[in-house]
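Raw contents of upload.cif, mmCIF, C-alpha atoms and all ligand atoms:
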```cif
data_run
#
loop_
_atom_site.label_atom_id
_atom_site.label_comp_id
_atom_site.auth_asym_id
_atom_site.auth_seq_id
_atom_site.Cartn_x
_atom_site.Cartn_y
_atom_site.Cartn_z
CA MET A 1049 165.94 119.96 132.04
CA GLU A 1050 168.38 120.99 129.35
CA LYS A 1051 166.70 123.17 126.72
CA LYS A 1052 167.71 122.16 123.18
CA LEU A 1053 168.44 124.49 120.27
CA ILE A 1054 166.69 122.08 117.89
CA TRP A 1055 163.47 123.02 119.73
CA HIS A 1056 164.06 126.58 118.50
CA ASP A 1057 164.21 125.30 114.92
CA ALA A 1058 160.99 123.33 115.55
CA ILE A 1059 159.18 126.59 116.46
CA TYR A 1060 159.53 127.63 112.82
CA THR A 1061 158.08 124.39 111.40
CA ARG A 1062 155.35 123.65 113.99
CA THR A 1063 151.75 123.99 112.99
CA SER A 1064 148.72 122.24 114.52
CA ARG A 1065 147.96 118.93 112.78
CA ARG A 1066 144.55 117.25 112.96
CA THR A 1067 144.77 114.41 110.42
CA TYR A 1068 147.07 111.60 111.54
CA THR A 1069 148.07 108.46 109.63
CA GLY A 1070 146.82 106.30 112.51
CA GLU A 1071 150.13 104.46 112.82
CA PRO A 1072 151.51 103.95 116.31
CA LEU A 1073 154.68 105.78 117.39
CA GLU A 1074 157.91 103.99 116.51
CA PRO A 1075 159.66 102.45 119.52
CA ASP A 1076 162.56 104.95 119.52
CA HIS A 1077 160.14 107.93 119.55
CA LEU A 1078 158.11 106.25 122.28
CA HIS A 1079 161.18 105.60 124.37
CA ALA A 1080 162.53 109.16 123.95
CA LEU A 1081 159.18 110.79 124.75
CA ASN A 1082 158.69 108.66 127.84
CA GLN A 1083 162.18 109.69 128.94
CA SER A 1084 161.41 113.40 128.36
CA ILE A 1085 158.13 113.02 130.28
CA SER A 1086 159.84 111.47 133.26
CA ASN A 1087 162.52 114.23 133.26
CA ILE A 1088 159.79 116.89 133.20
CA ASN A 1089 157.79 115.20 135.95
CA GLU A 1090 160.87 114.92 138.14
CA GLU A 1091 161.86 118.58 137.67
CA SER A 1092 158.41 120.15 137.90
CA GLY A 1093 156.27 117.94 140.15
CA LEU A 1094 153.78 117.55 137.26
CA ASN A 1095 152.42 114.12 136.33
CA PHE A 1096 152.34 113.98 132.52
CA LYS A 1097 151.36 110.56 131.11
CA LEU A 1098 151.63 109.13 127.62
CA LEU A 1099 148.54 107.18 126.49
CA LYS A 1100 149.18 104.92 123.52
CA ASP A 1101 145.61 104.38 122.35
CA SER A 1102 143.28 107.32 122.84
CA ARG A 1103 140.91 106.86 119.92
CA GLN A 1104 137.82 106.59 122.12
CA PHE A 1105 138.28 110.11 123.55
CA PHE A 1106 137.87 111.81 120.17
CA THR A 1107 134.97 109.99 118.48
CA LYS A 1108 132.36 112.58 119.59
CA TYR A 1109 134.29 115.48 118.09
CA LYS A 1110 134.43 114.43 114.44
CA THR A 1111 132.37 117.36 113.21
CA SER A 1112 133.46 120.05 115.69
CA TYR A 1113 136.19 122.61 115.13
CA GLY A 1114 138.53 119.90 116.40
CA MET A 1115 137.86 117.57 113.46
CA PHE A 1116 140.58 115.10 114.30
CA LYS A 1117 141.27 111.98 112.26
CA ASN A 1118 143.06 108.80 113.33
CA VAL A 1119 144.25 110.01 116.74
CA GLN A 1120 146.27 107.31 118.52
CA THR A 1121 148.78 108.64 121.03
CA VAL A 1122 148.23 111.58 123.37
CA ILE A 1123 150.10 113.04 126.29
CA ALA A 1124 147.73 113.73 129.19
CA LEU A 1125 148.91 116.88 130.98
CA VAL A 1126 148.12 116.17 134.62
CA GLY A 1127 149.13 118.01 137.78
CA ASP A 1128 148.06 118.85 141.31
CA PRO A 1129 147.51 122.57 142.01
CA GLN A 1130 148.44 121.98 145.68
CA LYS A 1131 151.86 120.70 144.63
CA VAL A 1132 152.63 122.91 141.61
CA ALA A 1133 152.16 126.67 141.92
CA ASP A 1134 150.61 128.31 138.83
CA LEU A 1135 149.68 124.84 137.54
CA GLU A 1136 148.30 125.93 134.15
CA VAL A 1137 151.32 128.14 133.36
CA GLN A 1138 153.67 125.28 134.24
CA VAL A 1139 151.66 122.80 132.12
CA GLY A 1140 151.84 125.20 129.16
CA TYR A 1141 155.57 125.78 129.66
CA TYR A 1142 156.67 122.15 129.99
CA GLY A 1143 154.04 120.87 127.56
CA GLU A 1144 155.36 123.16 124.83
CA PHE A 1145 158.96 121.92 125.21
CA LEU A 1146 157.59 118.39 124.91
CA MET A 1147 155.59 119.38 121.83
CA LEU A 1148 158.68 120.90 120.20
CA GLU A 1149 160.60 117.69 120.91
CA CYS A 1150 157.84 115.82 119.02
CA VAL A 1151 157.99 118.32 116.13
CA SER A 1152 161.77 117.98 115.93
CA ARG A 1153 161.15 114.23 115.50
CA ASN A 1154 158.94 115.04 112.49
CA LEU A 1155 155.76 114.06 114.32
CA GLY A 1156 152.46 115.93 114.03
CA THR A 1157 151.08 117.60 117.17
CA CYS A 1158 148.13 119.60 118.46
CA TRP A 1159 147.26 121.14 121.83
CA ILE A 1160 143.75 120.19 122.95
CA GLY A 1161 142.01 122.03 125.75
CA GLY A 1162 138.38 121.43 124.87
CA THR A 1163 137.50 119.14 121.97
CA TYR A 1164 137.98 115.74 123.59
CA ASP A 1165 136.05 113.58 126.05
CA LYS A 1166 137.69 114.90 129.18
CA LYS A 1167 135.45 113.05 131.65
CA ALA A 1168 136.14 109.67 130.03
CA MET A 1169 139.88 110.32 129.94
CA GLU A 1170 139.90 111.40 133.60
CA ALA A 1171 138.13 108.17 134.55
CA ASP A 1172 140.64 106.15 132.53
CA LEU A 1173 143.64 107.91 134.07
CA ASN A 1174 142.80 106.98 137.68
CA LEU A 1175 143.85 110.41 138.92
CA ASP A 1176 145.09 110.79 142.49
CA ALA A 1177 142.98 112.95 144.81
CA GLY A 1178 143.70 116.61 143.99
CA GLU A 1179 145.10 115.90 140.52
CA LYS A 1180 143.66 117.70 137.47
CA LEU A 1181 143.73 116.84 133.81
CA VAL A 1182 144.57 120.29 132.42
CA ALA A 1183 144.84 119.58 128.67
CA VAL A 1184 146.27 117.05 126.24
CA ILE A 1185 148.77 117.06 123.40
CA ILE A 1186 148.10 114.80 120.44
CA VAL A 1187 151.21 113.32 118.86
CA GLY A 1188 151.58 111.02 115.90
CA PRO A 1189 152.84 110.38 112.39
CA VAL A 1190 151.34 112.66 109.73
CA ASP A 1191 151.65 113.06 105.98
CA SER A 1192 154.04 115.84 105.04
CA SER A 1193 151.29 118.01 103.54
CA LYS A 1194 148.04 118.95 105.26
CA SER A 1195 144.70 117.41 104.27
CA LEU A 1196 141.96 119.68 102.89
CA THR A 1197 140.07 119.68 106.21
CA GLU A 1198 143.26 120.55 108.07
CA LYS A 1199 143.92 123.43 105.69
CA LEU A 1200 140.42 124.80 106.35
CA VAL A 1201 140.65 124.48 110.14
CA SER A 1202 144.19 125.83 110.31
CA ARG A 1203 143.12 129.07 108.63
CA ILE A 1204 142.11 130.30 112.08
CA GLY A 1205 145.69 129.82 113.24
CA LYS A 1206 147.24 131.77 110.41
CA ASN A 1207 147.24 135.29 111.85
CA LYS A 1208 150.08 135.82 114.26
CA GLN A 1209 150.74 139.03 116.17
CA THR A 1210 153.25 141.47 114.72
CA PHE A 1211 156.42 142.16 116.70
CA GLU A 1212 154.95 145.48 117.90
CA GLN A 1213 151.63 143.91 118.94
CA LEU A 1214 153.48 141.39 121.09
CA LEU A 1215 156.19 143.66 122.55
CA GLN A 1216 153.84 146.43 123.63
CA GLU A 1217 156.24 148.75 125.44
CA LYS A 1218 160.00 149.01 125.07
CA THR A 1219 163.06 151.08 125.87
CA GLU A 1220 165.53 151.14 122.98
CA PRO A 1221 167.94 149.67 122.15
CA ILE A 1222 166.43 146.20 122.24
CA PRO A 1223 169.14 143.55 122.72
CA SER A 1224 169.34 140.68 120.22
CA TRP A 1225 168.12 138.12 122.79
CA VAL A 1226 164.90 140.10 123.34
CA GLN A 1227 164.44 140.50 119.58
CA SER A 1228 164.94 136.76 119.05
CA GLY A 1229 162.74 135.85 122.04
CA ILE A 1230 159.84 137.97 120.80
CA GLU A 1231 160.17 136.54 117.27
CA ALA A 1232 159.92 133.03 118.74
CA ALA A 1233 156.99 134.00 121.00
CA ARG A 1234 155.10 135.40 117.96
CA LEU A 1235 154.85 131.82 116.67
CA ALA A 1236 153.50 130.36 119.92
CA PRO A 1237 150.14 128.62 119.54
CA SER A 1238 147.24 129.84 121.68
CA ALA A 1239 143.77 128.42 122.32
CA VAL A 1240 141.47 129.35 119.42
CA ASN A 1241 144.38 131.53 118.27
CA GLY A 1242 143.26 134.11 120.87
CA LYS A 1243 146.76 135.65 121.29
CA PRO A 1244 146.18 136.85 124.86
CA ILE A 1245 149.83 137.53 125.80
CA ALA A 1246 151.96 140.70 125.68
CA TYR A 1247 155.53 141.57 126.68
CA THR A 1248 157.30 144.72 127.83
CA TYR A 1249 161.03 145.50 127.84
CA LEU A 1250 161.54 148.47 130.16
CA ASN A 1251 164.68 149.43 132.08
CA GLU A 1252 166.40 146.19 131.00
CA MET A 1253 163.55 144.07 132.41
CA LEU A 1254 161.64 141.70 130.15
CA THR A 1255 158.15 140.89 131.43
CA ALA A 1256 155.21 138.85 130.09
CA ARG A 1257 151.56 139.05 131.10
CA ILE A 1258 148.03 138.02 130.12
CA THR A 1259 146.15 140.86 128.41
CA LYS A 1260 142.65 139.36 128.00
CA THR A 1261 140.67 136.40 129.27
CA LYS A 1262 138.09 134.76 127.05
CA TYR A 1263 138.50 131.00 126.69
CA GLY A 1264 139.79 130.16 130.19
CA MET A 1265 143.05 128.82 128.75
CA GLU A 1266 145.11 132.00 128.89
CA SER A 1267 147.43 130.71 131.64
CA LEU A 1268 148.28 127.74 129.42
CA ASP A 1269 148.89 130.18 126.57
CA LEU A 1270 151.18 132.22 128.82
CA GLY A 1271 153.30 129.16 129.74
CA ILE A 1272 153.58 128.21 126.05
CA SER A 1273 154.67 131.73 125.16
CA LEU A 1274 157.31 131.80 127.94
CA ALA A 1275 158.81 128.56 126.57
CA HIS A 1276 159.06 130.08 123.08
CA PHE A 1277 160.62 133.32 124.37
CA GLU A 1278 163.20 131.37 126.37
CA LEU A 1279 164.24 129.36 123.29
CA GLY A 1280 164.56 132.58 121.25
CA ALA A 1281 166.86 134.04 123.93
CA LEU A 1282 168.83 130.77 124.02
CA LYS A 1283 169.39 131.05 120.27
CA GLU A 1284 171.30 134.29 121.08
CA GLY A 1285 173.26 132.54 123.82
CA VAL A 1286 171.25 133.99 126.73
CA THR A 1287 169.80 131.76 129.44
CA GLY A 1288 167.59 132.80 132.31
CA LYS A 1289 164.80 131.88 134.66
CA TRP A 1290 161.18 133.03 134.79
CA ILE A 1291 160.23 134.67 138.09
CA SER A 1292 156.54 135.15 138.81
CA LYS A 1293 155.24 138.15 140.74
CA ASP A 1294 151.78 139.73 140.82
CA SER A 1295 150.61 137.63 137.84
CA GLU A 1296 153.54 138.83 135.68
CA TYR A 1297 156.57 136.78 134.66
CA THR A 1298 160.01 138.43 134.49
CA PHE A 1299 162.98 136.80 132.72
CA LYS A 1300 166.02 137.00 135.05
CA ILE A 1301 169.23 136.47 133.09
C1 LIG A 1401 145.98 125.87 125.12
C2 LIG A 1401 145.48 125.46 123.76
C3 LIG A 1401 144.29 124.75 123.65
C4 LIG A 1401 143.82 124.33 122.39
N1 LIG A 1401 142.67 123.59 122.31
C5 LIG A 1401 142.25 123.14 121.09
C6 LIG A 1401 141.08 122.32 121.00
O1 LIG A 1401 140.42 122.01 121.99
N2 LIG A 1401 140.72 121.87 119.77
C7 LIG A 1401 141.42 122.18 118.64
O2 LIG A 1401 141.05 121.73 117.56
N3 LIG A 1401 142.54 122.97 118.70
C8 LIG A 1401 142.97 123.44 119.89
N4 LIG A 1401 144.11 124.21 119.98
C9 LIG A 1401 144.90 124.52 118.77
C10 LIG A 1401 144.72 126.00 118.33
O3 LIG A 1401 143.50 126.18 117.68
C11 LIG A 1401 145.91 126.38 117.42
O4 LIG A 1401 147.11 126.19 118.12
C12 LIG A 1401 145.81 127.85 117.01
O5 LIG A 1401 144.70 128.06 116.18
C13 LIG A 1401 147.09 128.31 116.30
O6 LIG A 1401 147.35 127.51 115.16
P1 LIG A 1401 148.78 126.80 114.99
O7 LIG A 1401 148.94 125.86 116.17
O8 LIG A 1401 148.70 126.04 113.68
O9 LIG A 1401 149.85 127.87 115.00
C14 LIG A 1401 144.57 124.66 121.22
C15 LIG A 1401 145.76 125.38 121.35
C16 LIG A 1401 146.22 125.79 122.59
C17 LIG A 1401 147.51 126.52 122.69
#
```
Please express what this file holds, its structure, as structure tokens.
Amino acid sequence: MEKKLIWHDAIYTRTSRRTYTGEPLEPDHLHALNQSISNINEESGLNFKLLKDSRQFFTKYKTSYGMFKNVQTVIALVGDPQKVADLEVQVGYYGEFLMLECVSRNLGTCWIGGTYDKKAMEADLNLDAGEKLVAVIIVGPVDSSKSLTEKLVSRIGKNKQTFEQLLQEKTEPIPSWVQSGIEAARLAPSAVNGKPIAYTYLNEMLTARITKTKYGMESLDLGISLAHFELGALKEGVTGKWISKDSEYTFKI
């Protein structure tokens, strides 16, 4: 899958949205997202699916921290752990590129790991044996400014790590691609804004790892962070591949 520089721009405008207009996606967005989903599924072995009308999976969560309004379209992030190694990390990684594609199309988005009716959605999806519904991404038209409720809920997402909190150990000088990658990773969303990821740049090796486990979604958070870092590096003209070893991910350029 070709990574796009407009996704890097989208990192700087993305914020979780919870109040949607309730309008369906326009046909050209629908077509493009279905195309992106099939490219991702082909490359990764995942089985992401776009569901056009998902209202019924959110009705119970009107008063929870989720507080979603007028949800219509979601992308169900499905995969089989027997077929895809590090399933949650891969779902986070590919899901975030898809989210940034939605943001670059001026659509509102939100990652959802908990506040939806997972059992009902699983039943509706007719999953194959071994397949898991890992999380969902809401996508849809939104007003340009946030509603009052959204502003209140999104307060929890306001604090991002500083550069030094995220890049915990480093050997100077730090190349521009690492600088840009860390800046992009600072803006990565994480479940309940838990910020459980840290990086090191030692002896010209850039490595990411999970630093704390609390909500059970840290592997998703790691995959999301890796996608952001990679786009930051791309902005500086550097491409690479994530190699996983002993629960750490190293960026081989
Ligand atoms: C893996 C993951 C799971 C999430 N699950 C939920 C959820 O179940 N309900 C919800 O309202 N928000 C959920 N969020 C959204 C986070 O609360 C939000 O991304 C975070 O507070 C940072 O805010 P921001 O996205 O505006 O930067 C989730 C985010 C991530 C990355």
**Item:** Between atom C7 of ligand LIG 1401 (chain A) and atom CA of A:Val1201 - distance in Å to one decimal
**Value:**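 These two atoms are separated by 8.8 Å.
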**Prompt:** Between A:Pro1223, A:Gly1161, A:Gly1188, A:Pro1237, which is the closest to A:Leu1078 once you count all atoms listed in the file?
**Reply:** A:Gly1188
**Request:** Do a neighbour search on A:Ala1246 at 6 Å with only C-alpha atoms, toss out local chain neighbours closer than 2 positions, and write the hits as a list of chain:residue names.
**Result:**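 The filter keeps A:Leu1214, A:Ala1256, A:Arg1257.
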**Request:** Between atom CA of A:Asp1101 and atom CA of A:Gln1083, measure the distance and give it in Å to one decimal.
**Result:**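 Between these atoms lies a distance of 18.6 Å.
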**Request:** Return the single residue from A:Thr1157, A:Thr1248, A:Ser1295, A:Ser1228 that is closest to A:Ala1281, with distances computed using all atoms listed in the file.
**Result:**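 Smallest separation from A:Ala1281 among the options: A:Ser1228.
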**Prompt:** Which residues sit within 6 Å of ligand LIG 1401 (chain A), counting all atoms listed in the file, listed as an MDAnalysis selection string?
**Reply:** chainID A and resid 1063:1064 1113:1114 1158:1163 1202 1204:1205 1237:1241 1265 1268:1269
Deliver the residues from the most recent selection as a file, using C-alpha atoms, as a CSV table (one decimal), keeping the file's coordinate frame.
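Okay, out-v4.csv is ready:
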```csv
chain,number,residue,atom,x,y,z
A,1063,THR,CA,151.8,124.0,113.0
A,1064,SER,CA,148.7,122.2,114.5
A,1113,TYR,CA,136.2,122.6,115.1
A,1114,GLY,CA,138.5,119.9,116.4
A,1158,CYS,CA,148.1,119.6,118.5
A,1159,TRP,CA,147.3,121.1,121.8
A,1160,ILE,CA,143.8,120.2,123.0
A,1161,GLY,CA,142.0,122.0,125.8
A,1162,GLY,CA,138.4,121.4,124.9
A,1163,THR,CA,137.5,119.1,122.0
A,1202,SER,CA,144.2,125.8,110.3
A,1204,ILE,CA,142.1,130.3,112.1
A,1205,GLY,CA,145.7,129.8,113.2
A,1237,PRO,CA,150.1,128.6,119.5
A,1238,SER,CA,147.2,129.8,121.7
A,1239,ALA,CA,143.8,128.4,122.3
A,1240,VAL,CA,141.5,129.4,119.4
A,1241,ASN,CA,144.4,131.5,118.3
A,1265,MET,CA,143.0,128.8,128.8
A,1268,LEU,CA,148.3,127.7,129.4
A,1269,ASP,CA,148.9,130.2,126.6
```
**Asked** Quick one: residues within 10 Å of A:Ser1092, only C-alpha atoms counted, chain neighbours fewer than 2 positions away excluded, as a list of chain:residue names?
**Response**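 Returned residues: A:Met1049, A:Ser1086, A:Asn1087, A:Ile1088, A:Asn1089, A:Glu1090, A:Leu1094, A:Asn1095, A:Gly1127, A:Lys1131, A:Val1132, A:Ala1133, A:Leu1135, A:Gln1138, A:Val1139, A:Tyr1142.
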Could you save the residues just selected, with C-alpha atoms, as a CSV table (one decimal), in the coordinates of the input?
```
chain,number,residue,atom,x,y,z
A,1049,MET,CA,165.9,120.0,132.0
A,1086,SER,CA,159.8,111.5,133.3
A,1087,ASN,CA,162.5,114.2,133.3
A,1088,ILE,CA,159.8,116.9,133.2
A,1089,ASN,CA,157.8,115.2,136.0
A,1090,GLU,CA,160.9,114.9,138.1
A,1094,LEU,CA,153.8,117.6,137.3
A,1095,ASN,CA,152.4,114.1,136.3
A,1127,GLY,CA,149.1,118.0,137.8
A,1131,LYS,CA,151.9,120.7,144.6
A,1132,VAL,CA,152.6,122.9,141.6
A,1133,ALA,CA,152.2,126.7,141.9
A,1135,LEU,CA,149.7,124.8,137.5
A,1138,GLN,CA,153.7,125.3,134.2
A,1139,VAL,CA,151.7,122.8,132.1
A,1142,TYR,CA,156.7,122.2,130.0
```
**Request:** Point out the residue among A:Tyr1263, A:Tyr1247, A:Phe1145, A:Phe1299 with the least atom-to-atom distance to A:Lys1051, counting only C-alpha atoms.
**Result:**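 Ranking A:Tyr1263, A:Tyr1247, A:Phe1145, A:Phe1299 by distance to A:Lys1051, first place goes to A:Phe1145.
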**Of the listed residues A:Ala1183, A:Asn1207, A:Gln1130, A:Tyr1249, that which approaches A:Ile1222 most closely, counting all atoms listed in the file** =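 Counting all atoms listed in the file, the residue closest to A:Ile1222 is A:Tyr1249.
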**Asked** Between A:Lys1166, A:Lys1300, A:Arg1062, A:Lys1260, which is the closest to A:Val1126 once you count only C-alpha atoms?
**Response**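 Going through A:Lys1166, A:Lys1300, A:Arg1062, A:Lys1260 one by one, the smallest distance to A:Val1126 is for A:Lys1166.
Minimum distance to A:Ser1195 across A:Arg1066, A:Arg1103, A:Glu1252, A:Lys1180 (counting only C-alpha atoms) occurs at A:Arg1066.
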**Message:** Using only C-alpha atoms, which protein or nucleic acid residues come within 6 Å of A:Val1184? Drop anything in the same chain fewer than 5 positions from it, and give the result as a ChimeraX atom specification.
**Reply:** /A:1123-1125,1160
Print the selection's residues with C-alpha atoms to a file, as a compact mmCIF listing (two decimals), keeping the file's coordinate frame.
```
# COMPACT_ATOMS: atom_id res chain seq x y z
CA ILE A 1123 150.10 113.04 126.29
CA ALA A 1124 147.73 113.73 129.19
CA LEU A 1125 148.91 116.88 130.98
CA ILE A 1160 143.75 120.19 122.95
```
**Message:** Just want the 9 Å neighbourhood of A:Cys1150, counted on only C-alpha atoms, with same-chain residues fewer than 2 positions away dropped. Output as a PyMOL selection string.
**Reply:** chain A and resi 1058+1077+1081+1145-1148+1152-1157+1187-1188
**Prompt:** Can you tell me how far atom CA of A:His1276 sits from atom CA of A:Ile1258, in Å to one decimal?
**Reply:**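 Answer for the atom CA of A:His1276 to atom CA of A:Ile1258 separation: 15.3 Å.
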